[in-house]
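S.K.: Sharing model-v8.tsv, TSV, C-alpha atoms and all ligand atoms:
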```tsv
chain	number	residue	atom	x	y	z
A	27	MET	CA	0.00	0.00	0.00
A	28	ALA	CA	1.42	3.40	-0.99
A	29	LEU	CA	2.01	5.92	1.79
A	30	PHE	CA	2.42	9.68	1.40
A	31	SER	CA	4.18	12.23	3.54
A	32	ILE	CA	1.88	15.27	3.71
A	33	LYS	CA	3.36	18.52	5.03
A	34	MET	CA	1.55	21.80	5.64
A	35	ARG	CA	3.13	25.20	6.21
A	36	ALA	CA	1.26	28.48	6.64
A	37	ALA	CA	2.73	31.99	6.82
A	38	GLU	CA	1.81	35.62	6.63
A	39	GLY	CA	4.58	37.36	4.74
A	40	GLN	CA	7.78	36.16	6.41
A	41	ARG	CA	6.00	35.23	9.65
A	42	HIS	CA	5.50	31.52	10.33
A	43	ILE	CA	1.95	30.80	11.48
A	44	SER	CA	1.54	27.07	11.54
A	45	GLY	CA	3.03	23.79	10.37
A	46	ALA	CA	2.12	20.13	10.67
A	47	GLU	CA	2.71	16.84	8.96
A	48	ARG	CA	1.23	13.38	8.55
A	49	ILE	CA	2.06	10.10	6.87
A	50	ALA	CA	-1.08	8.58	5.39
A	51	PRO	CA	-2.15	5.83	2.96
A	52	THR	CA	-3.46	6.93	-0.48
A	53	GLU	CA	-7.13	6.47	0.48
A	54	LYS	CA	-6.80	8.87	3.43
A	55	ILE	CA	-4.90	11.70	1.77
A	56	GLY	CA	-8.04	13.69	0.84
A	57	ASP	CA	-9.22	13.77	4.47
A	58	VAL	CA	-5.77	14.60	5.77
A	59	ILE	CA	-5.27	17.46	3.28
A	60	ALA	CA	-8.68	18.90	4.20
A	61	ALA	CA	-7.85	18.74	7.94
A	62	LEU	CA	-4.44	20.37	7.47
A	63	ALA	CA	-5.87	23.14	5.25
A	64	GLN	CA	-8.54	23.81	7.88
A	65	ARG	CA	-5.87	23.99	10.56
A	66	ALA	CA	-3.73	26.37	8.51
A	67	ALA	CA	-6.64	28.70	7.75
A	68	HIS	CA	-7.90	28.99	11.34
A	69	HIS	CA	-4.94	29.53	13.61
A	70	SER	CA	-4.65	31.57	16.78
A	71	GLN	CA	-1.35	33.03	15.49
A	72	GLY	CA	-3.19	34.89	12.69
A	73	GLU	CA	-4.59	34.65	9.17
A	74	PRO	CA	-2.10	33.25	6.64
A	75	ASP	CA	-1.62	34.69	3.15
A	76	PHE	CA	0.36	31.63	2.09
A	77	ILE	CA	-0.47	27.96	2.65
A	78	ASN	CA	1.67	25.23	1.19
A	79	ILE	CA	0.69	21.56	1.27
A	80	LYS	CA	3.29	19.18	-0.08
A	81	LEU	CA	2.87	15.46	-0.80
A	82	GLU	CA	5.68	12.99	-1.36
A	83	ARG	CA	5.37	9.25	-1.81
A	84	ILE	CA	7.30	7.19	0.72
A	85	GLU	CA	8.64	3.76	-0.10
A	86	PRO	CA	7.32	1.26	2.50
A	87	ASP	CA	10.76	-0.32	3.00
A	88	GLU	CA	12.27	3.06	4.04
A	89	ILE	CA	9.92	3.37	7.02
A	90	ARG	CA	10.99	2.62	10.59
A	91	TYR	CA	8.20	1.56	12.96
A	92	LEU	CA	8.87	2.46	16.61
A	93	PRO	CA	6.88	1.87	19.81
A	94	ALA	CA	5.91	5.13	21.55
A	95	LEU	CA	8.08	6.06	24.54
A	96	PRO	CA	6.46	5.24	27.90
A	97	ILE	CA	4.65	8.32	29.27
A	98	SER	CA	4.77	9.83	32.76
A	99	THR	CA	3.90	13.23	34.24
A	100	ARG	CA	5.86	15.02	37.00
A	101	PRO	CA	3.76	18.00	38.09
A	102	ALA	CA	5.44	20.66	40.22
A	103	ASP	CA	4.21	23.64	42.26
A	104	ILE	CA	6.42	26.19	40.55
A	105	ILE	CA	8.49	26.51	37.37
A	106	GLU	CA	11.83	26.27	39.20
A	107	ASP	CA	10.81	22.88	40.66
A	108	SER	CA	10.14	21.57	37.14
A	109	PHE	CA	13.64	22.64	36.12
A	110	GLU	CA	15.00	20.88	39.21
A	111	ILE	CA	13.33	17.65	38.00
A	112	MET	CA	14.83	18.24	34.54
A	113	ARG	CA	18.26	18.64	36.18
A	114	GLU	CA	17.86	15.30	38.06
A	115	LEU	CA	16.83	13.54	34.86
A	116	LEU	CA	19.87	14.91	33.03
A	117	LEU	CA	22.17	13.69	35.82
A	118	GLY	CA	20.45	10.29	35.48
A	119	GLU	CA	21.61	10.25	31.83
A	120	GLY	CA	25.23	10.69	32.95
A	121	LEU	CA	25.64	14.44	32.40
A	122	THR	CA	27.78	16.30	34.97
A	123	PRO	CA	26.02	19.01	37.05
A	124	GLN	CA	27.84	21.61	34.93
A	125	GLU	CA	26.70	20.03	31.63
A	126	ALA	CA	23.14	19.73	32.94
A	127	GLU	CA	23.14	23.40	33.90
A	128	GLY	CA	24.54	24.34	30.48
A	129	VAL	CA	21.80	22.60	28.49
A	130	ILE	CA	19.05	23.91	30.76
A	131	GLU	CA	20.39	27.41	30.17
A	132	GLN	CA	20.30	26.74	26.42
A	133	VAL	CA	16.64	25.65	26.42
A	134	ARG	CA	15.62	28.55	28.67
A	135	SER	CA	17.35	31.09	26.45
A	136	VAL	CA	15.71	29.99	23.17
A	137	LYS	CA	13.54	32.85	21.90
A	138	VAL	CA	11.55	31.35	19.03
A	139	MET	CA	13.23	28.80	16.82
A	140	ARG	CA	11.63	26.69	14.05
A	141	GLY	CA	14.19	23.91	14.39
A	142	ALA	CA	15.98	22.49	17.43
A	143	MET	CA	19.46	23.04	18.87
A	144	LEU	CA	21.76	20.01	18.76
A	145	TYR	CA	24.23	19.96	21.63
A	146	ASP	CA	27.11	17.47	21.73
A	147	VAL	CA	28.25	16.62	25.28
A	148	ALA	CA	31.53	15.16	23.99
A	149	SER	CA	32.74	18.49	22.58
A	150	GLY	CA	30.49	20.87	24.54
A	151	ARG	CA	29.48	22.44	21.20
A	152	ARG	CA	26.32	23.09	19.23
A	153	MET	CA	26.29	20.98	16.06
A	154	GLU	CA	23.49	22.41	13.87
A	155	PRO	CA	24.99	23.15	10.42
A	156	ASP	CA	22.85	26.32	10.33
A	157	ARG	CA	22.05	27.84	13.73
A	158	GLU	CA	19.28	30.09	12.43
A	159	ARG	CA	17.46	27.13	10.93
A	160	GLY	CA	18.25	24.55	13.60
A	161	ILE	CA	17.49	20.85	13.13
A	162	ARG	CA	14.04	20.17	11.66
A	163	VAL	CA	12.65	16.77	12.54
A	164	THR	CA	10.30	15.66	9.76
A	165	TYR	CA	8.75	12.58	8.11
A	166	MET	CA	6.93	11.17	11.11
A	167	ASP	CA	3.43	10.36	12.27
A	168	ALA	CA	1.45	8.14	14.61
A	169	GLU	CA	0.34	4.83	13.11
A	170	GLU	CA	-3.28	5.95	13.42
A	171	SER	CA	-2.77	9.15	11.42
A	172	SER	CA	-5.14	11.85	12.69
A	173	THR	CA	-7.66	13.58	10.41
A	174	ASP	CA	-8.59	15.98	13.20
A	175	SER	CA	-7.93	19.62	12.22
A	176	GLY	CA	-7.00	20.76	15.77
A	177	LYS	CA	-3.48	20.58	17.17
A	178	ASN	CA	-2.95	17.89	19.80
A	179	HIS	CA	0.26	19.15	21.45
A	180	PHE	CA	0.77	16.00	23.48
A	181	ARG	CA	0.27	13.52	20.64
A	182	GLU	CA	2.43	15.38	18.13
A	183	ALA	CA	5.17	15.91	20.72
A	184	LEU	CA	5.17	12.22	21.71
A	185	VAL	CA	5.62	11.20	18.05
A	186	LEU	CA	8.51	13.64	17.61
A	187	ALA	CA	10.14	12.70	20.94
A	188	THR	CA	9.95	8.98	20.09
A	189	LYS	CA	11.63	9.56	16.74
A	190	VAL	CA	14.32	11.77	18.29
A	191	ALA	CA	15.09	9.43	21.22
A	192	ASN	CA	15.83	6.60	18.79
A	193	GLY	CA	18.46	8.55	16.82
A	194	PRO	CA	22.06	7.24	16.81
A	195	GLY	CA	24.05	8.84	19.65
A	196	MET	CA	21.03	10.66	21.07
A	197	ILE	CA	20.94	11.06	24.87
A	198	ALA	CA	17.89	13.20	25.64
A	199	GLU	CA	15.58	15.97	24.47
A	200	LEU	CA	14.34	19.03	26.39
A	201	CYS	CA	11.26	20.88	25.17
A	202	ILE	CA	9.41	24.03	26.18
A	203	SER	CA	6.37	24.77	23.99
A	204	ASP	CA	6.42	28.09	22.11
A	205	ASP	CA	2.62	28.23	22.34
A	206	PRO	CA	1.84	31.05	24.81
A	207	ASP	CA	-1.17	29.08	26.11
A	208	TYR	CA	0.71	25.85	26.75
A	209	ILE	CA	2.84	25.60	29.88
A	210	THR	CA	3.65	21.86	29.81
A	211	GLY	CA	6.93	20.75	28.29
A	212	TYR	CA	8.93	17.55	28.58
A	213	PHE	CA	12.17	15.66	29.01
A	214	ALA	CA	12.51	12.58	26.79
A	215	SER	CA	15.05	9.80	26.47
A	216	ARG	CA	15.12	6.07	25.76
A	217	ASN	CA	15.99	5.45	29.47
A	218	ALA	CA	13.47	7.75	31.16
A	219	GLY	CA	10.71	7.72	28.52
A	220	TYR	CA	8.53	10.75	27.80
A	221	VAL	CA	8.40	12.72	31.05
A	222	ARG	CA	5.89	15.57	31.01
A	223	LEU	CA	6.97	18.56	33.13
A	224	THR	CA	4.51	21.19	34.21
A	225	PRO	CA	4.67	24.13	34.61
A	226	LEU	CA	7.77	24.97	32.57
A	227	LYS	CA	6.77	28.58	31.94
A	228	ASN	CA	4.12	31.18	32.69
A	229	MET	CA	0.86	31.46	30.75
A	230	GLY	CA	1.20	34.08	27.99
A	231	ASP	CA	4.93	33.48	27.47
A	232	SER	CA	5.64	32.65	23.81
A	233	HIS	CA	9.31	31.72	24.29
A	234	GLY	CA	10.05	28.06	23.68
A	235	GLY	CA	12.16	25.58	21.80
A	236	ARG	CA	13.89	22.25	21.82
A	237	VAL	CA	17.41	21.11	22.66
A	238	PHE	CA	18.60	17.68	21.51
A	239	ILE	CA	21.51	16.37	23.57
A	240	CYS	CA	23.72	13.87	21.81
A	241	ASP	CA	27.16	12.28	22.30
A	242	SER	CA	29.34	12.16	19.18
A	243	ARG	CA	31.35	9.30	20.78
A	244	ARG	CA	28.23	7.13	20.66
A	245	GLY	CA	26.94	7.96	17.17
A	246	ASN	CA	27.92	9.83	14.03
A	247	ILE	CA	26.47	13.37	13.98
A	248	ASP	CA	25.92	13.51	10.19
A	249	GLU	CA	24.01	10.23	10.35
A	250	LEU	CA	21.99	11.50	13.29
A	251	ILE	CA	20.99	14.69	11.42
A	252	LYS	CA	20.11	12.67	8.32
A	253	TYR	CA	17.96	10.33	10.42
A	254	LEU	CA	16.17	13.22	12.17
A	255	GLU	CA	15.48	15.18	8.99
A	256	LYS	CA	14.93	12.45	6.39
A	257	THR	CA	14.11	8.97	7.71
A	258	PRO	CA	10.36	8.29	7.75
A	259	VAL	CA	9.16	7.02	11.13
A	260	ILE	CA	5.74	5.74	12.15
A	261	VAL	CA	5.11	5.55	15.89
A	262	LYS	CA	2.87	2.79	17.23
A	263	ASP	CA	0.39	2.93	20.12
A	264	VAL	CA	0.18	6.71	20.45
A	265	PRO	CA	-2.69	7.62	22.80
A	266	ASP	CA	-4.82	10.73	22.20
A	267	LYS	CA	-4.14	12.03	25.68
A	268	PRO	CA	-1.77	11.25	28.52
A	269	CYS	CA	-3.38	8.71	30.86
A	301	LIG	C1	4.87	22.10	21.19
A	301	LIG	O1	4.11	23.06	21.39
A	301	LIG	O2	5.21	21.76	20.06
A	301	LIG	C2	5.41	21.30	22.35
A	301	LIG	C3	4.33	20.57	23.02
A	301	LIG	C4	4.77	19.86	24.28
A	301	LIG	C5	3.72	18.89	24.73
A	301	LIG	C6	3.90	18.48	26.13
A	301	LIG	C7	2.77	17.52	26.55
A	301	LIG	O3	1.63	17.95	26.75
A	301	LIG	O4	3.04	16.31	26.70
```
Using structure tokens, write down the structure from this file.
Ligand code: PML

M.R.:
Amino acid sequence: MALFSIKMRAAEGQRHISGAERIAPTEKIGDVIAALAQRAAHHSQGEPDFINIKLERIEPDEIRYLPALPISTRPADIIEDSFEIMRELLLGEGLTPQEAEGVIEQVRSVKVMRGAMLYDVASGRRMEPDRERGIRVTYMDAEESSTDSGKNHFREALVLATKVANGPGMIAELCISDDPDYITGYFASRNAGYVRLTPLKNMGDSHGGRVFICDSRRGNIDELIKYLEKTPVIVKDVPDKPC
């Protein structure tokens, strides 16, 4: 059965408004396109004057099928306590207190970035070939591809985090949502699973981004970037909401 990658991007002038992607079988592409067009046209970030929907056929033997990371939630009373949990989780992955502090500073200082930062603990350096652009993780979806036009932050983030965690040499991911109405973020790794952290920021704050922490001694960085940006991944058993 043929599968298509379907990507939507909406903008007003140079300003990014919305983006989403799915991987769907031929018979579902009409419904998926309609849902993504609906989502692009009605977005809280504004009215787009440009909507692009791109379809590409994916060869079935290129696809990697991955089980979703196990999910947990660690609620905290205040933002600083959530960052304390993030710190503990980073130490659990073998980072030194200094390295943990460094990556937390990086994720807290992101203004708004379309792609993610890639930080290598072996060299202590950022590895994105283009820092403005960052690393863009694409070609991924849940096995039960959604035809819902609304954004499900949790579901889309779990799919992305599962793909990222399985990259060669990847240690962990830190995420703060850039949606001003969404204060839950996460820490994700193959060891710890998908750990939801809340609150990670104040309501109304539109700063957010992602930092991927890798170790170039454990995996080749070029291969990791190629995997993140190009390898199609379908994630199995993705729930609609955290249980
Ligand atoms: C985003 O806005 O893209 C990040 C969403 C983080 C979702 C956290 C969760 O609810 O599990």

S.K.: Write as a list in words the residues around ligand LIG 301 (chain A), taking 7 Å as the cut-off and counting only C-alpha atoms and all ligand atoms.

M.R.: His179, Phe180, Ala183, Leu184, Cys201, Ile202, Ser203, Asp204, Asp205, Tyr208, Thr210, Gly211, Tyr212 and Arg222 of chain A

S.K.: If you count only C-alpha atoms, which residues fall within 7 Å of range 227-243 of chain A, apart from same-chain ones fewer than 2 positions away, as a ChimeraX atom specification?

M.R.: /A:105,133,136-139,142-148,195-209,225,245-247

S.K.: Give as a ChimeraX atom specification each residue that has an atom at most 6 Å from (6.4, 10.6, 12.8) in the file, counting only C-alpha atoms.

M.R.: /A:165-168,185,259-260

S.K.: Taking (10.1, 4.8, 11.3) in the coordinates of the supplied file, I want to know which residues reach to within 12 Å of it, counting only C-alpha atoms; could you give the answer as a short mmCIF file (atom, residue, chain, number, x, y, z; two decimals) with C-alpha atoms, in the frame of the given file?

M.R.:
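Written out: part19.cif:
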```cif
data_model
loop_
_atom_site.label_atom_id
_atom_site.label_comp_id
_atom_site.auth_asym_id
_atom_site.auth_seq_id
_atom_site.Cartn_x
_atom_site.Cartn_y
_atom_site.Cartn_z
CA ILE A 49 2.06 10.10 6.87
CA ILE A 84 7.30 7.19 0.72
CA GLU A 85 8.64 3.76 -0.10
CA PRO A 86 7.32 1.26 2.50
CA ASP A 87 10.76 -0.32 3.00
CA GLU A 88 12.27 3.06 4.04
CA ILE A 89 9.92 3.37 7.02
CA ARG A 90 10.99 2.62 10.59
CA TYR A 91 8.20 1.56 12.96
CA LEU A 92 8.87 2.46 16.61
CA PRO A 93 6.88 1.87 19.81
CA ALA A 94 5.91 5.13 21.55
CA THR A 164 10.30 15.66 9.76
CA TYR A 165 8.75 12.58 8.11
CA MET A 166 6.93 11.17 11.11
CA ASP A 167 3.43 10.36 12.27
CA ALA A 168 1.45 8.14 14.61
CA GLU A 169 0.34 4.83 13.11
CA VAL A 185 5.62 11.20 18.05
CA LEU A 186 8.51 13.64 17.61
CA THR A 188 9.95 8.98 20.09
CA LYS A 189 11.63 9.56 16.74
CA VAL A 190 14.32 11.77 18.29
CA ASN A 192 15.83 6.60 18.79
CA GLY A 193 18.46 8.55 16.82
CA TYR A 253 17.96 10.33 10.42
CA LEU A 254 16.17 13.22 12.17
CA GLU A 255 15.48 15.18 8.99
CA LYS A 256 14.93 12.45 6.39
CA THR A 257 14.11 8.97 7.71
CA PRO A 258 10.36 8.29 7.75
CA VAL A 259 9.16 7.02 11.13
CA ILE A 260 5.74 5.74 12.15
CA VAL A 261 5.11 5.55 15.89
CA LYS A 262 2.87 2.79 17.23
#
```

S.K.: With 6 Å on each side, where is the centre of the axis-aligned box around all listed atoms of range 124-137 of chain A, and how long are its edges in Å to one decimal, as lines of an AutoDock Vina configuration file?

M.R.:
```
center_x = 20.7
center_y = 26.3
center_z = 28.4
size_x = 26.3
size_y = 25.1
size_z = 25.0
```

S.K.: Which residue, A:Arg162, A:Arg216, A:Lys267, A:His68, has the smallest gap to Lys252 in chain A when you use only C-alpha atoms?

M.R.: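 Closest to Lys252 in chain A of all the choices is A:Arg162.
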
S.K.: CA of Lys80 in chain A and CA of Ile32 in chain A are how many Å apart?

M.R.: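 Here the two named atoms are 5.6 Å from each other.
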
S.K.: Have a look at CA of Ala36 in chain A and CA of Ile77 in chain A and let me know their distance in Å, one decimal.

M.R.: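 Those two atoms sit 4.4 Å apart.
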